[in-house]
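**Q** Below is the file work10.cif, which contains mmCIF, C-alpha atoms.
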data_final
#
loop_
_atom_site.group_PDB
_atom_site.id
_atom_site.type_symbol
_atom_site.label_atom_id
_atom_site.label_comp_id
_atom_site.auth_asym_id
_atom_site.auth_seq_id
_atom_site.Cartn_x
_atom_site.Cartn_y
_atom_site.Cartn_z
ATOM 1 C CA MET A 1 18.071 89.784 9.281
ATOM 2 C CA VAL A 2 14.801 90.788 7.752
ATOM 3 C CA ASN A 3 14.210 93.877 5.601
ATOM 4 C CA LYS A 4 11.146 96.176 5.807
ATOM 5 C CA ALA A 5 9.158 93.958 3.442
ATOM 6 C CA GLY A 6 9.637 91.041 5.833
ATOM 7 C CA ASN A 7 11.990 89.206 3.464
ATOM 8 C CA LEU A 8 15.301 87.621 4.321
ATOM 9 C CA LYS A 9 18.161 90.114 3.802
ATOM 10 C CA LEU A 10 21.077 88.564 1.985
ATOM 11 C CA ASP A 11 24.139 90.806 2.260
ATOM 12 C CA LYS A 12 26.501 88.901 -0.045
ATOM 13 C CA ILE A 13 26.419 87.121 -3.385
ATOM 14 C CA LEU A 14 28.227 83.904 -4.268
ATOM 15 C CA TRP A 15 29.197 84.146 -7.926
ATOM 16 C CA ILE A 16 30.025 80.746 -9.428
ATOM 17 C CA ASP A 17 31.113 79.701 -12.873
ATOM 18 C CA LEU A 18 31.720 76.164 -14.047
ATOM 19 C CA GLU A 19 33.585 75.205 -17.170
ATOM 20 C CA MET A 20 32.239 71.938 -18.528
ATOM 21 C CA THR A 21 32.865 69.678 -21.514
ATOM 22 C CA GLY A 22 29.297 70.386 -22.693
ATOM 23 C CA LEU A 23 25.821 71.209 -21.454
ATOM 24 C CA SER A 24 24.446 67.798 -20.448
ATOM 25 C CA GLU A 25 24.597 67.461 -16.671
ATOM 26 C CA ASP A 26 24.040 63.713 -17.142
ATOM 27 C CA LYS A 27 26.898 63.117 -19.599
ATOM 28 C CA ASP A 28 29.308 66.038 -19.482
ATOM 29 C CA LEU A 29 32.103 66.710 -17.020
ATOM 30 C CA ILE A 30 32.984 69.703 -14.898
ATOM 31 C CA LEU A 31 36.505 70.876 -15.755
ATOM 32 C CA GLU A 32 36.983 73.783 -13.375
ATOM 33 C CA VAL A 33 35.052 75.936 -10.963
ATOM 34 C CA ALA A 34 35.604 79.418 -9.632
ATOM 35 C CA ALA A 35 33.724 81.406 -7.025
ATOM 36 C CA ILE A 36 33.809 85.024 -5.968
ATOM 37 C CA VAL A 37 32.027 86.457 -2.947
ATOM 38 C CA THR A 38 30.895 90.062 -3.371
ATOM 39 C CA ASP A 39 28.832 92.545 -1.475
ATOM 40 C CA TRP A 40 25.973 94.389 -3.206
ATOM 41 C CA ASN A 41 28.424 97.011 -4.475
ATOM 42 C CA PHE A 42 30.091 94.075 -6.274
ATOM 43 C CA LYS A 43 33.321 94.487 -4.337
ATOM 44 C CA GLU A 44 35.269 91.221 -4.305
ATOM 45 C CA LEU A 45 35.582 89.889 -0.776
ATOM 46 C CA ASP A 46 37.090 86.455 -1.456
ATOM 47 C CA THR A 47 37.838 84.091 -4.354
ATOM 48 C CA TYR A 48 38.138 80.355 -4.926
ATOM 49 C CA GLU A 49 39.381 78.309 -7.889
ATOM 50 C CA GLY A 50 39.464 74.566 -8.316
ATOM 51 C CA ALA A 51 40.310 72.155 -11.119
ATOM 52 C CA ILE A 52 38.568 68.785 -11.350
ATOM 53 C CA LYS A 53 40.468 65.626 -12.247
ATOM 54 C CA ASN A 54 38.445 63.552 -14.685
ATOM 55 C CA ASN A 55 39.114 60.180 -16.250
ATOM 56 C CA PRO A 56 41.262 61.140 -19.305
ATOM 57 C CA ILE A 57 39.490 58.675 -21.628
ATOM 58 C CA LEU A 58 36.049 59.977 -20.636
ATOM 59 C CA LEU A 59 37.286 63.564 -20.829
ATOM 60 C CA ASN A 60 38.510 63.103 -24.403
ATOM 61 C CA LYS A 61 35.277 61.296 -25.308
ATOM 62 C CA ARG A 62 33.118 64.181 -24.020
ATOM 63 C CA MET A 63 35.296 66.781 -25.768
ATOM 64 C CA LYS A 64 34.958 64.784 -28.974
ATOM 65 C CA ALA A 65 31.172 64.580 -28.518
ATOM 66 C CA ASN A 66 31.174 68.409 -28.247
ATOM 67 C CA SER A 67 33.792 68.922 -30.965
ATOM 68 C CA ASP A 68 31.858 71.803 -32.546
ATOM 69 C CA PHE A 69 32.922 73.884 -29.522
ATOM 70 C CA TRP A 70 36.304 72.337 -28.661
ATOM 71 C CA ASP A 71 37.622 72.402 -32.247
ATOM 72 C CA LYS A 72 37.124 76.179 -32.226
ATOM 73 C CA ASN A 73 38.806 76.512 -28.813
ATOM 74 C CA LEU A 74 41.942 74.405 -29.199
ATOM 75 C CA GLU A 75 44.049 76.498 -26.830
ATOM 76 C CA ASN A 76 41.485 76.080 -24.041
ATOM 77 C CA LYS A 77 41.160 72.379 -24.831
ATOM 78 C CA LYS A 78 44.925 71.885 -24.408
ATOM 79 C CA SER A 79 44.918 73.965 -21.224
ATOM 80 C CA PHE A 80 42.070 71.951 -19.684
ATOM 81 C CA LEU A 81 43.682 68.633 -20.663
ATOM 82 C CA ASP A 82 46.935 69.749 -19.001
ATOM 83 C CA GLN A 83 45.079 71.072 -15.945
ATOM 84 C CA ASN A 84 43.225 67.755 -15.598
ATOM 85 C CA LYS A 85 46.460 66.008 -14.553
ATOM 86 C CA SER A 86 46.708 68.067 -11.364
ATOM 87 C CA GLY A 87 42.995 68.375 -10.605
ATOM 88 C CA LYS A 88 41.105 67.106 -7.576
ATOM 89 C CA SER A 89 38.110 64.798 -7.289
ATOM 90 C CA LEU A 90 34.568 66.160 -7.441
ATOM 91 C CA SER A 91 34.037 65.336 -3.766
ATOM 92 C CA VAL A 92 37.184 67.193 -2.658
ATOM 93 C CA ILE A 93 36.212 70.242 -4.719
ATOM 94 C CA GLU A 94 32.678 70.150 -3.274
ATOM 95 C CA SER A 95 34.126 70.093 0.252
ATOM 96 C CA GLU A 96 36.438 72.995 -0.564
ATOM 97 C CA ILE A 97 33.553 75.086 -1.920
ATOM 98 C CA ILE A 98 31.423 74.299 1.140
ATOM 99 C CA ASN A 99 34.328 75.365 3.389
ATOM 100 C CA PHE A 100 34.668 78.540 1.300
ATOM 101 C CA ILE A 101 30.953 79.246 1.809
ATOM 102 C CA ASP A 102 31.125 78.494 5.542
ATOM 103 C CA LYS A 103 34.023 80.958 5.861
ATOM 104 C CA ASN A 104 32.205 83.753 3.990
ATOM 105 C CA PHE A 105 28.483 83.397 4.720
ATOM 106 C CA ASP A 106 26.179 83.273 7.719
ATOM 107 C CA SER A 107 25.255 79.632 8.262
ATOM 108 C CA LYS A 108 21.701 80.650 9.221
ATOM 109 C CA LYS A 109 20.981 82.122 5.773
ATOM 110 C CA PRO A 110 20.747 80.532 2.356
ATOM 111 C CA VAL A 111 23.430 81.580 -0.110
ATOM 112 C CA LEU A 112 22.385 83.637 -3.148
ATOM 113 C CA LEU A 113 24.014 82.272 -6.297
ATOM 114 C CA GLY A 114 24.920 84.710 -9.085
ATOM 115 C CA GLY A 115 26.301 84.312 -12.578
ATOM 116 C CA ASN A 116 25.618 84.361 -16.286
ATOM 117 C CA SER A 117 23.132 81.663 -17.352
ATOM 118 C CA ILE A 118 23.540 80.456 -13.778
ATOM 119 C CA HIS A 119 20.647 78.019 -14.173
ATOM 120 C CA MET A 120 22.966 75.808 -16.265
ATOM 121 C CA ASP A 121 25.690 75.805 -13.613
ATOM 122 C CA ARG A 122 23.004 75.120 -10.989
ATOM 123 C CA ARG A 123 21.877 72.025 -12.911
ATOM 124 C CA PHE A 124 25.426 70.645 -12.725
ATOM 125 C CA ILE A 125 25.708 71.621 -9.060
ATOM 126 C CA SER A 126 22.420 69.853 -8.258
ATOM 127 C CA LYS A 127 23.518 66.727 -10.113
ATOM 128 C CA LYS A 128 27.193 66.517 -9.070
ATOM 129 C CA TRP A 129 27.347 68.370 -5.730
ATOM 130 C CA PRO A 130 24.102 67.779 -3.769
ATOM 131 C CA LYS A 131 25.592 68.914 -0.418
ATOM 132 C CA LEU A 132 26.598 72.222 -1.974
ATOM 133 C CA ASP A 133 23.204 72.555 -3.638
ATOM 134 C CA LYS A 134 21.488 72.346 -0.225
ATOM 135 C CA LYS A 135 23.326 75.485 0.924
ATOM 136 C CA LEU A 136 22.053 77.574 -1.999
ATOM 137 C CA PHE A 137 18.970 79.807 -2.024
ATOM 138 C CA TYR A 138 16.216 78.865 -4.472
ATOM 139 C CA ARG A 139 16.442 82.350 -6.004
ATOM 140 C CA MET A 140 19.401 83.200 -8.219
ATOM 141 C CA LEU A 141 20.864 86.373 -9.691
ATOM 142 C CA ASP A 142 21.107 85.560 -13.404
ATOM 143 C CA VAL A 143 22.894 88.224 -15.438
ATOM 144 C CA SER A 144 21.640 86.663 -18.684
ATOM 145 C CA ALA A 145 18.088 87.760 -17.779
ATOM 146 C CA TRP A 146 19.351 91.354 -17.678
ATOM 147 C CA LYS A 147 21.122 90.757 -21.005
ATOM 148 C CA VAL A 148 17.849 89.750 -22.674
ATOM 149 C CA VAL A 149 15.977 92.819 -21.417
ATOM 150 C CA PHE A 150 18.702 95.314 -22.298
ATOM 151 C CA GLU A 151 19.453 93.786 -25.682
ATOM 152 C CA TYR A 152 15.882 93.445 -26.944
ATOM 153 C CA LYS A 153 14.113 96.294 -25.167
ATOM 154 C CA TYR A 154 16.839 98.965 -25.048
ATOM 155 C CA ASN A 155 19.166 97.799 -27.854
ATOM 156 C CA LYS A 156 22.134 97.906 -25.452
ATOM 157 C CA GLN A 157 24.760 95.209 -25.596
ATOM 158 C CA PHE A 158 27.675 94.402 -23.364
ATOM 159 C CA THR A 159 30.619 92.660 -24.983
ATOM 160 C CA LYS A 160 32.315 90.420 -22.502
ATOM 161 C CA PRO A 161 35.672 88.686 -23.092
ATOM 162 C CA ASN A 162 34.990 85.134 -24.172
ATOM 163 C CA ASN A 163 37.986 83.173 -22.927
ATOM 164 C CA HIS A 164 36.046 80.387 -21.173
ATOM 165 C CA ARG A 165 37.973 80.396 -17.911
ATOM 166 C CA ALA A 166 35.848 80.322 -14.789
ATOM 167 C CA LEU A 167 37.333 83.171 -12.738
ATOM 168 C CA ASP A 168 37.545 85.527 -15.730
ATOM 169 C CA ASP A 169 33.980 84.655 -16.727
ATOM 170 C CA ILE A 170 32.688 85.618 -13.272
ATOM 171 C CA ARG A 171 34.476 88.960 -13.384
ATOM 172 C CA GLY A 172 32.986 89.507 -16.836
ATOM 173 C CA SER A 173 29.499 88.732 -15.508
ATOM 174 C CA ILE A 174 29.919 91.186 -12.633
ATOM 175 C CA ALA A 175 31.136 93.878 -15.052
ATOM 176 C CA GLU A 176 28.185 93.126 -17.322
ATOM 177 C CA LEU A 177 25.650 93.525 -14.511
ATOM 178 C CA GLN A 178 27.332 96.789 -13.462
ATOM 179 C CA TYR A 179 27.020 98.013 -17.071
ATOM 180 C CA TYR A 180 23.267 97.330 -17.053
ATOM 181 C CA LEU A 181 22.781 98.937 -13.636
ATOM 182 C CA ASN A 182 24.745 102.005 -14.720
ATOM 183 C CA SER A 183 22.530 102.213 -17.832
ATOM 184 C CA LEU A 184 19.528 102.606 -15.527
ATOM 185 C CA LYS A 185 21.101 105.720 -14.042
ATOM 186 C CA SER A 186 21.538 107.468 -17.406
#
How does this structure look as structure tokens?
**A**
Amino acid sequence: MVNKAGNLKLDKILWIDLEMTGLSEDKDLILEVAAIVTDWNFKELDTYEGAIKNNPILLNKRMKANSDFWDKNLENKKSFLDQNKSGKSLSVIESEIINFIDKNFDSKKPVLLGGNSIHMDRRFISKKWPKLDKKLFYRMLDVSAWKVVFEYKYNKQFTKPNNHRALDDIRGSIAELQYYLNSLKS
């Protein structure tokens, strides 16, 4: 489908959030991933969650290397270490996400990726899940860009829960974008 401007019309958004041990796509590990498909009214159409099983020694090493974060989030650290025992391999999770996309999106269109600071998640996706990366549109809906404009230009801030769990973080990002869009109406 093409809109009046001649551009590809994307009718859904794939919101993804990754929880990682740190921010280096070369060294750090993905702990969990969640995805939500929404329409442009931000109505949830489908969800996915997956936990990644990492080598426990490497996992502890990366958490130690990023101890400034993990020492302040001990409850999450314990939860992710417990979750790691029942996780799945990166390749299985990639296949599950691709199947999730195939179920929810038109295979003839690229998939628009949305999230908060989604460029960081995209770097991990590109590095760890190249088959998934090929399905994604080059444009992304990054809520953090809205955050910058509204915070510095309009002095409006959205306070999102900061529990560092993938599915909750996506819902927080969607609520944040809705807050900014509603601010435009007032």
**Q** For the structure shown, which residues end up in the PyMOL selection byres ((chain A and resi 122) around 10)? Put them as a PyMOL selection string, please?
**A** chain A and resi 16-18+25+113-115+117-121+123-129+133+136+140
**Q** Name every residue that the PyMOL selection byres ((chain A and resi 43-55) around 9) selects in this structure, writing the answer as a short mmCIF file (atom, residue, chain, number, x, y, z; two decimals) with C-alpha atoms, in the frame of the given file with chains first and numbers rising.
**A**
data_model
loop_
_atom_site.label_atom_id
_atom_site.label_comp_id
_atom_site.auth_asym_id
_atom_site.auth_seq_id
_atom_site.Cartn_x
_atom_site.Cartn_y
_atom_site.Cartn_z
CA LEU A 29 32.10 66.71 -17.02
CA ILE A 30 32.98 69.70 -14.90
CA LEU A 31 36.51 70.88 -15.76
CA GLU A 32 36.98 73.78 -13.38
CA VAL A 33 35.05 75.94 -10.96
CA ALA A 34 35.60 79.42 -9.63
CA ALA A 35 33.72 81.41 -7.02
CA ILE A 36 33.81 85.02 -5.97
CA VAL A 37 32.03 86.46 -2.95
CA THR A 38 30.90 90.06 -3.37
CA ASP A 39 28.83 92.54 -1.48
CA TRP A 40 25.97 94.39 -3.21
CA ASN A 41 28.42 97.01 -4.47
CA PHE A 42 30.09 94.08 -6.27
CA PRO A 56 41.26 61.14 -19.30
CA ILE A 57 39.49 58.68 -21.63
CA LEU A 58 36.05 59.98 -20.64
CA LEU A 59 37.29 63.56 -20.83
CA ASN A 60 38.51 63.10 -24.40
CA PHE A 80 42.07 71.95 -19.68
CA GLN A 83 45.08 71.07 -15.94
CA ASN A 84 43.22 67.76 -15.60
CA LYS A 85 46.46 66.01 -14.55
CA SER A 86 46.71 68.07 -11.36
CA GLY A 87 43.00 68.38 -10.60
CA LYS A 88 41.10 67.11 -7.58
CA SER A 89 38.11 64.80 -7.29
CA LEU A 90 34.57 66.16 -7.44
CA VAL A 92 37.18 67.19 -2.66
CA ILE A 93 36.21 70.24 -4.72
CA GLU A 96 36.44 73.00 -0.56
CA ILE A 97 33.55 75.09 -1.92
CA PHE A 100 34.67 78.54 1.30
CA ASN A 104 32.20 83.75 3.99
CA ALA A 166 35.85 80.32 -14.79
CA LEU A 167 37.33 83.17 -12.74
#
**Q** For the structure provided, state which residues fall under the PyMOL selection byres ((chain A and resi 179) around 12), and present them as a PDB file with C-alpha atoms, keeping the file's coordinate frame.
**A**
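Below you can see selection_11.pdb, which holds the result:
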ATOM      1  CA  PHE A  42      30.091  94.075  -6.274  1.00  0.00           C
ATOM      2  CA  VAL A 143      22.894  88.224 -15.438  1.00  0.00           C
ATOM      3  CA  TRP A 146      19.351  91.354 -17.678  1.00  0.00           C
ATOM      4  CA  LYS A 147      21.122  90.757 -21.005  1.00  0.00           C
ATOM      5  CA  PHE A 150      18.702  95.314 -22.298  1.00  0.00           C
ATOM      6  CA  LYS A 156      22.134  97.906 -25.452  1.00  0.00           C
ATOM      7  CA  GLN A 157      24.760  95.209 -25.596  1.00  0.00           C
ATOM      8  CA  PHE A 158      27.675  94.402 -23.364  1.00  0.00           C
ATOM      9  CA  THR A 159      30.619  92.660 -24.983  1.00  0.00           C
ATOM     10  CA  LYS A 160      32.315  90.420 -22.502  1.00  0.00           C
ATOM     11  CA  GLY A 172      32.986  89.507 -16.836  1.00  0.00           C
ATOM     12  CA  SER A 173      29.499  88.732 -15.508  1.00  0.00           C
ATOM     13  CA  ILE A 174      29.919  91.186 -12.633  1.00  0.00           C
ATOM     14  CA  ALA A 175      31.136  93.878 -15.052  1.00  0.00           C
ATOM     15  CA  GLU A 176      28.185  93.126 -17.322  1.00  0.00           C
ATOM     16  CA  LEU A 177      25.650  93.525 -14.511  1.00  0.00           C
ATOM     17  CA  GLN A 178      27.332  96.789 -13.462  1.00  0.00           C
ATOM     18  CA  TYR A 180      23.267  97.330 -17.053  1.00  0.00           C
ATOM     19  CA  LEU A 181      22.781  98.937 -13.636  1.00  0.00           C
ATOM     20  CA  ASN A 182      24.745 102.005 -14.720  1.00  0.00           C
ATOM     21  CA  SER A 183      22.530 102.213 -17.832  1.00  0.00           C
ATOM     22  CA  LEU A 184      19.528 102.606 -15.527  1.00  0.00           C
ATOM     23  CA  LYS A 185      21.101 105.720 -14.042  1.00  0.00           C
ATOM     24  CA  SER A 186      21.538 107.468 -17.406  1.00  0.00           C
TER      25      SER A 186
END
**Q** How far is it from CA of Arg171 (chain A) to CA of Lys134 (chain A), in Å with one decimal?
**A**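 Computing it gives 24.9 Å between the two atoms.
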**Q** Do you have the CA of Leu74 (chain A)-CA of Lys27 (chain A) distance handy?
**A**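 Answer for the CA of Leu74 (chain A) to CA of Lys27 (chain A) separation: 21.1 Å.
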**Q** May I have the residues within 12 Å of region 65-69 of chain A as a PDB file with C-alpha atoms, in the coordinates of the input, using all atoms listed in the file and disregarding those fewer than 6 positions away in the same chain?
**A**
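Output below, filename part.pdb:
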ATOM      1  CA  MET A  20      32.239  71.938 -18.528  1.00  0.00           C
ATOM      2  CA  THR A  21      32.865  69.678 -21.514  1.00  0.00           C
ATOM      3  CA  GLY A  22      29.297  70.386 -22.693  1.00  0.00           C
ATOM      4  CA  LEU A  23      25.821  71.209 -21.454  1.00  0.00           C
ATOM      5  CA  SER A  24      24.446  67.798 -20.448  1.00  0.00           C
ATOM      6  CA  LYS A  27      26.898  63.117 -19.599  1.00  0.00           C
ATOM      7  CA  ASP A  28      29.308  66.038 -19.482  1.00  0.00           C
ATOM      8  CA  LEU A  29      32.103  66.710 -17.020  1.00  0.00           C
ATOM      9  CA  LEU A  58      36.049  59.977 -20.636  1.00  0.00           C
ATOM     10  CA  LEU A  59      37.286  63.564 -20.829  1.00  0.00           C
ATOM     11  CA  GLU A  75      44.049  76.498 -26.830  1.00  0.00           C
ATOM     12  CA  ASN A  76      41.485  76.080 -24.041  1.00  0.00           C
ATOM     13  CA  LYS A  77      41.160  72.379 -24.831  1.00  0.00           C
ATOM     14  CA  HIS A 164      36.046  80.387 -21.173  1.00  0.00           C
TER      15      HIS A 164
END
**Q** CA of Ala145 (chain A) to CA of Lys109 (chain A): how many Å, to one decimal?
**A**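 Atom-to-atom, CA of Ala145 (chain A) to CA of Lys109 (chain A), that is 24.4 Å.
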**Q** Grab all the atoms of region 79-94 of chain A that the file lists, wrap them in a box along x, y and z, add 6 Å per side, and give me centre plus edge lengths in Å (one decimal) as AutoDock Vina command-line options.
**A**
--center_x 39.8 --center_y 69.4 --center_z -11.9 --size_x 26.3 --size_y 21.2 --size_z 30.6
**Q** Name the closest residue to Asp102 (chain A) among the candidates A:Lys135, A:Lys9, A:Arg62, A:Lys78; distances are taken between atoms, counting only C-alpha atoms.
**A**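 Going through A:Lys135, A:Lys9, A:Arg62, A:Lys78 one by one, the smallest distance to Asp102 (chain A) is for A:Lys135.
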